[in-house]
file data-v7.pdb (PDB, C-alpha atoms)
ATOM      1  CA  MET A1250       6.609 -13.425  13.936
ATOM      2  CA  GLU A1251       8.292 -13.860  10.599
ATOM      3  CA  LEU A1252       9.286 -10.686   8.786
ATOM      4  CA  ILE A1253       7.855 -10.557   5.287
ATOM      5  CA  GLY A1254      10.468  -9.532   2.728
ATOM      6  CA  TYR A1255       8.860  -7.084   0.360
ATOM      7  CA  ARG A1256      12.044  -6.165  -1.481
ATOM      8  CA  ASP A1257      10.896  -7.662  -4.788
ATOM      9  CA  ASN A1258       7.206  -7.611  -4.153
ATOM     10  CA  ALA A1259       6.146  -4.984  -6.687
ATOM     11  CA  ALA A1260       6.163  -7.632  -9.422
ATOM     12  CA  GLY A1261       4.403 -10.041  -7.080
ATOM     13  CA  LEU A1262       1.605  -7.582  -6.389
ATOM     14  CA  ASP A1263       1.178  -6.962 -10.121
ATOM     15  CA  ALA A1264       0.960 -10.706 -10.806
ATOM     16  CA  THR A1265      -1.517 -11.224  -7.998
ATOM     17  CA  PHE A1266      -3.840  -8.456  -9.157
ATOM     18  CA  ALA A1267      -3.615  -9.631 -12.773
ATOM     19  CA  ALA A1268      -4.454 -13.156 -11.631
ATOM     20  CA  LEU A1269      -7.454 -11.923  -9.663
ATOM     21  CA  ALA A1270      -8.791  -9.811 -12.518
ATOM     22  CA  ASP A1271     -10.643 -12.754 -14.041
ATOM     23  CA  PRO A1272     -13.911 -14.210 -12.713
ATOM     24  CA  THR A1273     -13.015 -17.812 -13.607
ATOM     25  CA  ARG A1274      -9.751 -17.570 -11.716
ATOM     26  CA  ARG A1275     -11.523 -16.022  -8.730
ATOM     27  CA  ALA A1276     -13.996 -18.896  -8.795
ATOM     28  CA  ILE A1277     -11.125 -21.394  -8.921
ATOM     29  CA  LEU A1278      -9.593 -19.768  -5.853
ATOM     30  CA  ALA A1279     -12.938 -19.882  -4.071
ATOM     31  CA  ARG A1280     -13.221 -23.614  -4.800
ATOM     32  CA  LEU A1281      -9.670 -24.230  -3.569
ATOM     33  CA  ALA A1282     -10.379 -22.300  -0.382
ATOM     34  CA  SER A1283     -12.379 -25.329   0.717
ATOM     35  CA  GLY A1284      -9.676 -27.854  -0.130
ATOM     36  CA  GLU A1285      -7.345 -29.009  -2.861
ATOM     37  CA  ALA A1286      -8.688 -30.315  -6.155
ATOM     38  CA  SER A1287      -7.457 -31.886  -9.389
ATOM     39  CA  VAL A1288      -7.652 -30.148 -12.762
ATOM     40  CA  MET A1289     -10.610 -32.319 -13.719
ATOM     41  CA  GLU A1290     -12.447 -31.468 -10.525
ATOM     42  CA  LEU A1291     -11.765 -27.768 -11.060
ATOM     43  CA  ALA A1292     -12.939 -27.846 -14.683
ATOM     44  CA  GLU A1293     -16.214 -29.523 -13.844
ATOM     45  CA  PRO A1294     -18.337 -26.460 -12.898
ATOM     46  CA  PHE A1295     -17.251 -24.513 -15.973
ATOM     47  CA  ALA A1296     -18.298 -24.935 -19.575
ATOM     48  CA  MET A1297     -14.605 -25.050 -20.339
ATOM     49  CA  SER A1298     -12.114 -27.585 -21.597
ATOM     50  CA  GLN A1299      -9.319 -28.838 -19.409
ATOM     51  CA  PRO A1300      -6.651 -27.053 -21.479
ATOM     52  CA  ALA A1301      -8.553 -23.806 -20.988
ATOM     53  CA  ILE A1302      -8.715 -24.373 -17.239
ATOM     54  CA  SER A1303      -5.018 -25.288 -17.268
ATOM     55  CA  LYS A1304      -4.201 -21.892 -18.773
ATOM     56  CA  HIS A1305      -5.945 -20.217 -15.853
ATOM     57  CA  LEU A1306      -4.134 -22.493 -13.418
ATOM     58  CA  LYS A1307      -0.783 -21.479 -14.942
ATOM     59  CA  VAL A1308      -1.568 -17.807 -14.341
ATOM     60  CA  LEU A1309      -2.483 -18.568 -10.731
ATOM     61  CA  GLU A1310       0.646 -20.677 -10.271
ATOM     62  CA  ARG A1311       2.922 -17.981 -11.700
ATOM     63  CA  ALA A1312       1.409 -15.528  -9.248
ATOM     64  CA  GLY A1313       2.185 -17.979  -6.474
ATOM     65  CA  LEU A1314      -1.465 -18.172  -5.496
ATOM     66  CA  ILE A1315      -1.749 -21.934  -5.985
ATOM     67  CA  SER A1316       0.721 -24.780  -5.957
ATOM     68  CA  ARG A1317       0.718 -28.368  -7.138
ATOM     69  CA  GLY A1318       0.545 -31.244  -4.726
ATOM     70  CA  SER A1319       2.984 -34.107  -4.977
ATOM     71  CA  ASP A1320       0.467 -36.839  -5.847
ATOM     72  CA  ALA A1321       1.951 -37.810  -9.236
ATOM     73  CA  GLN A1322      -1.333 -39.117 -10.579
ATOM     74  CA  ARG A1323      -3.726 -36.403  -9.621
ATOM     75  CA  ARG A1324      -1.427 -33.369  -9.150
ATOM     76  CA  PRO A1325      -4.047 -31.602  -7.109
ATOM     77  CA  ARG A1326      -3.809 -27.834  -6.826
ATOM     78  CA  LYS A1327      -3.896 -26.133  -3.492
ATOM     79  CA  LEU A1328      -4.210 -22.571  -2.381
ATOM     80  CA  GLU A1329      -1.128 -20.627  -1.267
ATOM     81  CA  ALA A1330      -2.246 -18.033   1.192
ATOM     82  CA  ARG A1331       0.626 -15.599   1.427
ATOM     83  CA  PRO A1332       0.515 -13.673  -1.899
ATOM     84  CA  LEU A1333      -3.188 -13.029  -1.670
ATOM     85  CA  ALA A1334      -2.861 -11.960   1.921
ATOM     86  CA  ASP A1335      -0.021  -9.636   0.906
ATOM     87  CA  ALA A1336      -2.021  -8.059  -1.881
ATOM     88  CA  THR A1337      -5.054  -7.437   0.224
ATOM     89  CA  GLU A1338      -3.167  -6.203   3.240
ATOM     90  CA  TRP A1339      -0.620  -3.794   1.821
ATOM     91  CA  LEU A1340      -2.947  -0.885   1.364
ATOM     92  CA  GLU A1341      -4.602  -1.554   4.696
ATOM     93  CA  ARG A1342      -1.298  -1.381   6.524
ATOM     94  CA  TYR A1343      -0.176   1.772   4.792
ATOM     95  CA  ARG A1344      -3.506   3.325   5.660
ATOM     96  CA  GLU A1345      -3.244   2.073   9.257
ATOM     97  CA  PHE A1346       0.130   3.720   9.688
ATOM     98  CA  TRP A1347      -1.208   7.093   8.592
ATOM     99  CA  GLU A1348      -4.528   6.817  10.397
ATOM    100  CA  ALA A1349      -2.778   5.918  13.641
ATOM    101  CA  SER A1350      -0.249   8.710  13.181
ATOM    102  CA  PHE A1351      -2.791  11.369  12.237
ATOM    103  CA  GLY A1352      -5.047  10.386  15.126
ATOM    104  CA  ARG A1353      -2.191  11.177  17.471
ATOM    105  CA  LEU A1354      -1.472  14.359  15.581
ATOM    106  CA  ASP A1355      -5.079  15.479  16.166
ATOM    107  CA  SER A1356      -4.526  15.188  19.945
ATOM    108  CA  LEU A1357      -1.153  16.864  19.774
ATOM    109  CA  LEU A1358      -2.659  19.802  17.866
ATOM    110  CA  VAL A1359      -5.322  20.263  20.557
ATOM    111  CA  GLU A1360      -2.516  20.488  23.085
ATOM    112  CA  LEU A1361      -0.504  22.923  20.955
ATOM    113  CA  LYS A1362      -3.544  25.143  20.382
ATOM    114  CA  GLY A1363      -4.163  25.217  24.118
ATOM    115  CA  LYS A1364      -0.582  26.272  24.798
ATOM    116  CA  LYS A1365      -0.804  28.970  22.163
ATOM    117  CA  THR A1366      -3.999  30.364  23.656
ATOM    118  CA  ARG A1367      -2.462  30.480  27.117
ATOM    119  CA  ALA A1368       0.704  32.090  25.756
ATOM    120  CA  ASN A1369      -1.310  34.766  23.964
ATOM    121  CA  ALA A1370      -3.431  35.440  27.046
ATOM    122  CA  GLY A1371      -0.211  35.718  29.054
ATOM    123  CA  LYS A1372       1.172  38.323  26.671
ATOM    124  CA  ARG A1373      -1.928  40.401  27.066
ATOM    125  CA  GLY A1374      -1.468  40.162  30.834
ATOM    126  CA  ARG A1375      -4.429  37.873  31.361
ATOM    127  CA  ILE A1376      -3.545  34.328  32.311
ATOM    128  CA  PRO A1377      -6.714  32.211  32.580
ATOM    129  CA  PRO A1378      -7.485  31.227  36.179
ATOM    130  CA  GLY A1379      -6.118  27.947  37.426
ATOM    131  CA  ARG A1380      -3.264  27.704  34.948
ATOM    132  CA  LYS A1381       0.344  28.472  35.489
ATOM    133  CA  LYS A1382       2.659  29.546  32.739
ATOM    134  CA  LYS A1383       5.321  26.867  32.203
TER
ATOM    135  CA  MET B1453     -16.785  21.444   8.704
ATOM    136  CA  LYS B1454     -14.458  20.093   6.040
ATOM    137  CA  ASN B1455     -13.619  16.420   6.271
ATOM    138  CA  VAL B1456     -11.497  16.776   9.398
ATOM    139  CA  GLY B1457     -10.259  13.362  10.345
ATOM    140  CA  LYS B1458     -10.859  11.592   7.041
ATOM    141  CA  LEU B1459      -7.722  10.207   5.422
ATOM    142  CA  GLU B1460      -7.705   9.941   1.619
ATOM    143  CA  ILE B1461      -5.070   7.910  -0.185
ATOM    144  CA  THR B1462      -4.980   8.160  -3.968
ATOM    145  CA  THR B1463      -2.614   7.491  -6.838
ATOM    146  CA  PRO B1464      -2.693  10.584  -9.081
ATOM    147  CA  SER B1465      -0.233   8.975 -11.506
ATOM    148  CA  ASP B1466       1.411   5.581 -11.752
ATOM    149  CA  LYS B1467       4.501   6.881  -9.933
ATOM    150  CA  GLU B1468       2.838   8.788  -7.117
ATOM    151  CA  ILE B1469       0.979   8.256  -3.894
ATOM    152  CA  MET B1470      -0.987  11.136  -2.453
ATOM    153  CA  PHE B1471      -2.559  11.315   0.959
ATOM    154  CA  THR B1472      -4.758  14.102   2.196
ATOM    155  CA  ARG B1473      -5.998  14.883   5.675
ATOM    156  CA  THR B1474      -7.606  17.926   7.281
ATOM    157  CA  PHE B1475      -6.760  19.041  10.813
ATOM    158  CA  ASP B1476      -8.594  21.340  13.199
ATOM    159  CA  ALA B1477      -5.622  23.651  13.717
ATOM    160  CA  PRO B1478      -3.880  26.588  12.039
ATOM    161  CA  ARG B1479      -1.250  25.922   9.427
ATOM    162  CA  GLN B1480       1.729  27.024  11.515
ATOM    163  CA  LEU B1481       1.020  24.412  14.164
ATOM    164  CA  VAL B1482       0.609  21.663  11.563
ATOM    165  CA  PHE B1483       3.863  22.706   9.887
ATOM    166  CA  ASP B1484       5.593  22.643  13.282
ATOM    167  CA  ALA B1485       4.251  19.153  13.925
ATOM    168  CA  TRP B1486       5.732  17.970  10.611
ATOM    169  CA  THR B1487       9.152  19.532  11.219
ATOM    170  CA  LYS B1488      10.069  19.678  14.934
ATOM    171  CA  PRO B1489      11.651  16.482  16.287
ATOM    172  CA  GLU B1490      10.124  16.816  19.751
ATOM    173  CA  LEU B1491       6.691  16.961  18.108
ATOM    174  CA  LEU B1492       7.311  14.352  15.368
ATOM    175  CA  LYS B1493       8.272  11.808  18.000
ATOM    176  CA  ARG B1494       4.861  12.202  19.534
ATOM    177  CA  TRP B1495       2.854  11.171  16.488
ATOM    178  CA  LEU B1496       4.769   9.882  13.446
ATOM    179  CA  TYR B1497       4.890   6.138  14.036
ATOM    180  CA  GLY B1498       2.795   3.059  13.344
ATOM    181  CA  PRO B1499       0.476   1.343  15.803
ATOM    182  CA  ASN B1500       1.119  -1.607  18.083
ATOM    183  CA  GLY B1501       4.597  -1.237  19.503
ATOM    184  CA  TRP B1502       6.441   1.200  17.224
ATOM    185  CA  SER B1503       8.096   4.437  18.300
ATOM    186  CA  LEU B1504      10.122   7.136  16.570
ATOM    187  CA  ALA B1505      13.295   6.610  18.527
ATOM    188  CA  VAL B1506      15.601   8.880  16.574
ATOM    189  CA  CYS B1507      14.523  12.088  14.875
ATOM    190  CA  LYS B1508      16.961  14.651  13.568
ATOM    191  CA  VAL B1509      15.945  17.607  11.445
ATOM    192  CA  ASP B1510      18.130  20.266   9.878
ATOM    193  CA  LEU B1511      15.354  22.370   8.409
ATOM    194  CA  ARG B1512      16.921  24.314   5.555
ATOM    195  CA  VAL B1513      17.476  23.800   1.836
ATOM    196  CA  GLY B1514      20.222  21.202   1.600
ATOM    197  CA  GLY B1515      19.772  20.199   5.231
ATOM    198  CA  HIS B1516      19.437  16.538   6.151
ATOM    199  CA  TYR B1517      16.837  14.739   8.230
ATOM    200  CA  ARG B1518      16.871  11.259   9.737
ATOM    201  CA  TYR B1519      14.077   9.123  11.231
ATOM    202  CA  GLU B1520      14.626   5.802  12.962
ATOM    203  CA  TRP B1521      11.698   3.753  14.158
ATOM    204  CA  LYS B1522      12.016   0.930  16.666
ATOM    205  CA  HIS B1523       9.565  -1.770  17.627
ATOM    206  CA  THR B1524       9.313  -3.337  21.057
ATOM    207  CA  ASN B1525      10.124  -6.686  19.408
ATOM    208  CA  GLY B1526      13.497  -5.376  18.215
ATOM    209  CA  ASN B1527      12.633  -4.585  14.581
ATOM    210  CA  GLU B1528      14.047  -1.314  13.305
ATOM    211  CA  MET B1529      13.536   0.885  10.302
ATOM    212  CA  GLY B1530      15.421   3.955   9.166
ATOM    213  CA  MET B1531      14.765   6.650   6.629
ATOM    214  CA  GLY B1532      16.335   9.950   5.689
ATOM    215  CA  GLY B1533      16.911  12.550   3.064
ATOM    216  CA  VAL B1534      17.593  16.116   2.151
ATOM    217  CA  TYR B1535      15.312  19.161   2.105
ATOM    218  CA  ARG B1536      14.868  20.742  -1.305
ATOM    219  CA  GLU B1537      12.328  23.427  -0.450
ATOM    220  CA  VAL B1538      11.451  24.838   2.936
ATOM    221  CA  ALA B1539       8.646  27.410   2.907
ATOM    222  CA  PRO B1540       6.871  27.556   6.266
ATOM    223  CA  PRO B1541       4.034  27.285   6.888
ATOM    224  CA  GLU B1542       2.883  26.176   3.452
ATOM    225  CA  ARG B1543       5.355  23.930   1.648
ATOM    226  CA  LEU B1544       8.061  21.403   2.282
ATOM    227  CA  VAL B1545       9.856  19.291  -0.331
ATOM    228  CA  ASN B1546      12.393  16.628   0.568
ATOM    229  CA  THR B1547      13.951  13.457  -0.771
ATOM    230  CA  GLN B1548      13.323  10.234   1.109
ATOM    231  CA  LEU B1549      15.162   6.955   1.128
ATOM    232  CA  PHE B1550      14.686   3.980   3.426
ATOM    233  CA  ASP B1551      17.856   2.286   4.701
ATOM    234  CA  GLN B1552      16.734  -1.048   3.349
ATOM    235  CA  ASP B1553      15.685   0.648   0.092
ATOM    236  CA  TRP B1554      12.405  -1.147  -0.410
ATOM    237  CA  THR B1555      11.438   1.407  -3.013
ATOM    238  CA  GLY B1556      14.209   0.993  -5.587
ATOM    239  CA  GLY B1557      15.751   4.380  -5.054
ATOM    240  CA  GLU B1558      15.032   7.808  -3.739
ATOM    241  CA  ALA B1559      11.587   9.329  -3.753
ATOM    242  CA  VAL B1560      10.583  12.975  -3.471
ATOM    243  CA  GLY B1561       7.953  14.022  -0.942
ATOM    244  CA  THR B1562       6.009  17.248  -1.211
ATOM    245  CA  LEU B1563       3.910  18.599   1.651
ATOM    246  CA  VAL B1564       1.452  21.389   0.944
ATOM    247  CA  LEU B1565      -0.624  22.970   3.706
ATOM    248  CA  THR B1566      -3.632  25.183   3.045
ATOM    249  CA  GLU B1567      -5.685  26.851   5.748
ATOM    250  CA  LYS B1568      -9.315  27.918   5.791
ATOM    251  CA  ASP B1569     -11.432  28.981   8.776
ATOM    252  CA  GLY B1570      -8.783  27.841  11.213
ATOM    253  CA  LYS B1571      -8.522  24.353   9.694
ATOM    254  CA  THR B1572      -5.585  23.071   7.722
ATOM    255  CA  THR B1573      -5.600  20.586   4.877
ATOM    256  CA  SER B1574      -2.362  18.656   4.522
ATOM    257  CA  VAL B1575      -1.626  17.156   1.118
ATOM    258  CA  ASN B1576       1.370  14.869   0.965
ATOM    259  CA  THR B1577       2.531  13.573  -2.412
ATOM    260  CA  VAL B1578       5.363  11.097  -2.814
ATOM    261  CA  LEU B1579       6.893  10.761  -6.281
ATOM    262  CA  TYR B1580       8.812   7.569  -7.020
ATOM    263  CA  ALA B1581      11.321   6.877  -9.771
ATOM    264  CA  SER B1582       9.049   4.291 -11.374
ATOM    265  CA  GLN B1583       5.717   2.539 -10.960
ATOM    266  CA  ALA B1584       7.421  -0.573  -9.615
ATOM    267  CA  ALA B1585       9.164   1.556  -7.002
ATOM    268  CA  ARG B1586       5.876   3.162  -6.027
ATOM    269  CA  ASP B1587       4.108  -0.170  -5.740
ATOM    270  CA  GLY B1588       6.966  -1.558  -3.670
ATOM    271  CA  ALA B1589       6.561   1.396  -1.353
ATOM    272  CA  LEU B1590       2.936   0.643  -0.679
ATOM    273  CA  SER B1591       4.109  -2.559   0.965
ATOM    274  CA  THR B1592       7.007  -1.054   2.893
ATOM    275  CA  PRO B1593       8.113  -2.400   6.228
ATOM    276  CA  MET B1594       6.463   0.601   7.781
ATOM    277  CA  ALA B1595       3.233  -1.169   7.028
ATOM    278  CA  GLU B1596       4.302  -4.809   7.074
ATOM    279  CA  GLY B1597       6.451  -4.631  10.166
ATOM    280  CA  MET B1598       3.544  -3.687  12.327
ATOM    281  CA  GLU B1599       2.514  -6.261  14.819
ATOM    282  CA  MET B1600      -0.942  -6.756  13.487
ATOM    283  CA  GLY B1601      -2.938  -9.658  14.579
ATOM    284  CA  PHE B1602      -3.037 -11.693  11.417
ATOM    285  CA  VAL B1603      -6.473 -12.802  10.493
ATOM    286  CA  ARG B1604      -6.403 -16.487   9.712
ATOM    287  CA  MET B1605      -5.311 -16.717   6.116
ATOM    288  CA  ASP B1606      -8.134 -18.936   5.039
ATOM    289  CA  GLU B1607     -10.624 -16.436   6.425
ATOM    290  CA  ILE B1608      -9.026 -13.656   4.382
ATOM    291  CA  LEU B1609      -9.083 -15.799   1.280
ATOM    292  CA  VAL B1610     -12.668 -16.877   1.594
ATOM    293  CA  SER B1611     -13.872 -13.341   2.233
ATOM    294  CA  GLN B1612     -11.782 -11.831  -0.577
ATOM    295  CA  VAL B1613     -12.489 -14.500  -3.140
ATOM    296  CA  GLU B1614     -16.175 -14.803  -2.506
ATOM    297  CA  ALA B1615     -16.796 -11.055  -2.510
ATOM    298  CA  LYS B1616     -18.185 -10.109  -5.915
TER
END

call {"tool": "encode", "arguments": {"input": "data-v7.pdb", "output": "structure tokens"}}
result
Amino acid sequence: MELIGYRDNAAGLDATFAALADPTRRAILARLASGEASVMELAEPFAMSQPAISKHLKVLERAGLISRGSDAQRRPRKLEARPLADATEWLERYREFWEASFGRLDSLLVELKGKKTRANAGKRGRIPPGRKKK
Amino acid sequence: MKNVGKLEITTPSDKEIMFTRTFDAPRQLVFDAWTKPELLKRWLYGPNGWSLAVCKVDLRVGGHYRYEWKHTNGNEMGMGGVYREVAPPERLVNTQLFDQDWTGGEAVGTLVLTEKDGKTTSVNTVLYASQAARDGALSTPMAEGMEMGFVRMDEILVSQVEAK
């Protein structure tokens, strides 16, 4: 599995979230999720001129969320999956690390409490039946 | 019962991450778990193939610590720093820096433990040098190196983009 380099990704995350913070751009991404489309095709559902749509496309391109195809005539835009996946996964992974770790810590603490109880009982001269002191 | 088991992650300022979790155990045991290598190795690592292979702790002001995680696929990650405050069982302050320096410099971590009715709330705050550093940290290799099953990218996109 390829290692994702996050060294410079702070700026990337900012650009992605800024790009997503607009309903027209989110709708453009939704349209492109079902296949590439030209600027004209993308502009069609909106009461918006092509230059206005192009401005939105520039924001999405700068964020690396879409790219241009090589068809010189149509220059269709297509969705680039990685930045959006990054942005939506980073918090999940951070959270997963800590949830996994703390889940184990819960079990470890049960074990440590048990040892402490047995140690205290031992000091008072009463070791619970069935358990040996280590 | 307080929210034992519920992890909260927040950003109290643009340079900080804070995570809070309550445990069903007295403070001293939780502090031990955060500071004894033989205990840390048993819980402080990500899911799916990671382990805390190296853990060294010199628990005193000015003392160093070192963590090295290894994945079964060969990936490695290292982190270390210096203790600035050591006040068991309630407070620990230390610098932290990853070997690969994903966070643009050193950060300062503060651990505060409070106990009530036999349960301990652990509040961990990490202060970065800048917002960019903090945001870089939220996508550290600790998270991204995990061997997660990647959902098909187009499924992620459709679900994220169509959610309103």

call {"tool": "atom_distance", "arguments": {"input": "data-v7.pdb", "atom1": "CA of Val1575 in chain B", "atom2": "CA of Met1529 in chain B"}}
result
24.1 Å

call {"tool": "resolve_selection", "arguments": {"input": "data-v7.pdb", "expression": "the PyMOL selection byres ((chain A and resi 1353) around 12)", "output": "JSON list (two decimals) with C-alpha atoms, keeping the file's coordinate frame"}}
result
[["chain", "number", "residue", "atom", "x", "y", "z"],
["A", 1346, "PHE", "CA", 0.13, 3.72, 9.69],
["A", 1347, "TRP", "CA", -1.21, 7.09, 8.59],
["A", 1348, "GLU", "CA", -4.53, 6.82, 10.40],
["A", 1349, "ALA", "CA", -2.78, 5.92, 13.64],
["A", 1350, "SER", "CA", -0.25, 8.71, 13.18],
["A", 1351, "PHE", "CA", -2.79, 11.37, 12.24],
["A", 1352, "GLY", "CA", -5.05, 10.39, 15.13],
["A", 1354, "LEU", "CA", -1.47, 14.36, 15.58],
["A", 1355, "ASP", "CA", -5.08, 15.48, 16.17],
["A", 1356, "SER", "CA", -4.53, 15.19, 19.94],
["A", 1357, "LEU", "CA", -1.15, 16.86, 19.77],
["A", 1358, "LEU", "CA", -2.66, 19.80, 17.87],
["A", 1359, "VAL", "CA", -5.32, 20.26, 20.56],
["A", 1360, "GLU", "CA", -2.52, 20.49, 23.08],
["B", 1457, "GLY", "CA", -10.26, 13.36, 10.34],
["B", 1475, "PHE", "CA", -6.76, 19.04, 10.81],
["B", 1485, "ALA", "CA", 4.25, 19.15, 13.92],
["B", 1491, "LEU", "CA", 6.69, 16.96, 18.11],
["B", 1492, "LEU", "CA", 7.31, 14.35, 15.37],
["B", 1493, "LYS", "CA", 8.27, 11.81, 18.00],
["B", 1494, "ARG", "CA", 4.86, 12.20, 19.53],
["B", 1495, "TRP", "CA", 2.85, 11.17, 16.49],
["B", 1496, "LEU", "CA", 4.77, 9.88, 13.45],
["B", 1497, "TYR", "CA", 4.89, 6.14, 14.04],
["B", 1498, "GLY", "CA", 2.80, 3.06, 13.34],
["B", 1499, "PRO", "CA", 0.48, 1.34, 15.80]]

call {"tool": "residues_around", "arguments": {"input": "data-v7.pdb", "residues": "Arg1326 in chain A", "least_positions_apart": "6", "cutoff": "7 Å", "atoms": "all atoms listed in the file", "output": "list in words"}}
result
Glu1285, Ala1286, Ser1287, Ile1315, Ser1316, Arg1317 and Gly1318 of chain A

call {"tool": "resolve_selection", "arguments": {"input": "data-v7.pdb", "expression": "the PyMOL selection byres ((chain B and resi 1576) around 7)", "output": "compact mmCIF listing (two decimals) with C-alpha atoms, in the coordinates of the input"}}
result
# COMPACT_ATOMS: atom_id res chain seq x y z
CA MET B 1470 -0.99 11.14 -2.45
CA PHE B 1471 -2.56 11.32 0.96
CA THR B 1472 -4.76 14.10 2.20
CA GLY B 1561 7.95 14.02 -0.94
CA THR B 1562 6.01 17.25 -1.21
CA LEU B 1563 3.91 18.60 1.65
CA VAL B 1564 1.45 21.39 0.94
CA SER B 1574 -2.36 18.66 4.52
CA VAL B 1575 -1.63 17.16 1.12
CA THR B 1577 2.53 13.57 -2.41
CA VAL B 1578 5.36 11.10 -2.81

call {"tool": "atom_distance", "arguments": {"input": "data-v7.pdb", "atom1": "CA of Gly1515 in chain B", "atom2": "CA of Ala1539 in chain B"}}
result
13.5 Å

call {"tool": "closest_residue", "arguments": {"input": "data-v7.pdb", "among": "B:Ala1505, B:Ala1581, B:Val1545, B:Val1534", "to": "Ala1559 in chain B", "atoms": "only C-alpha atoms"}}
result
B:Ala1581

call {"tool": "atom_distance", "arguments": {"input": "data-v7.pdb", "atom1": "CA of Gln1480 in chain B", "atom2": "CA of Glu1542 in chain B"}}
result
8.2 Å

call {"tool": "closest_residue", "arguments": {"input": "data-v7.pdb", "among": "B:Pro1541, B:Lys1467, B:Arg1479, B:Glu1558", "to": "Ala1584 in chain B", "atoms": "all atoms listed in the file"}}
result
B:Lys1467
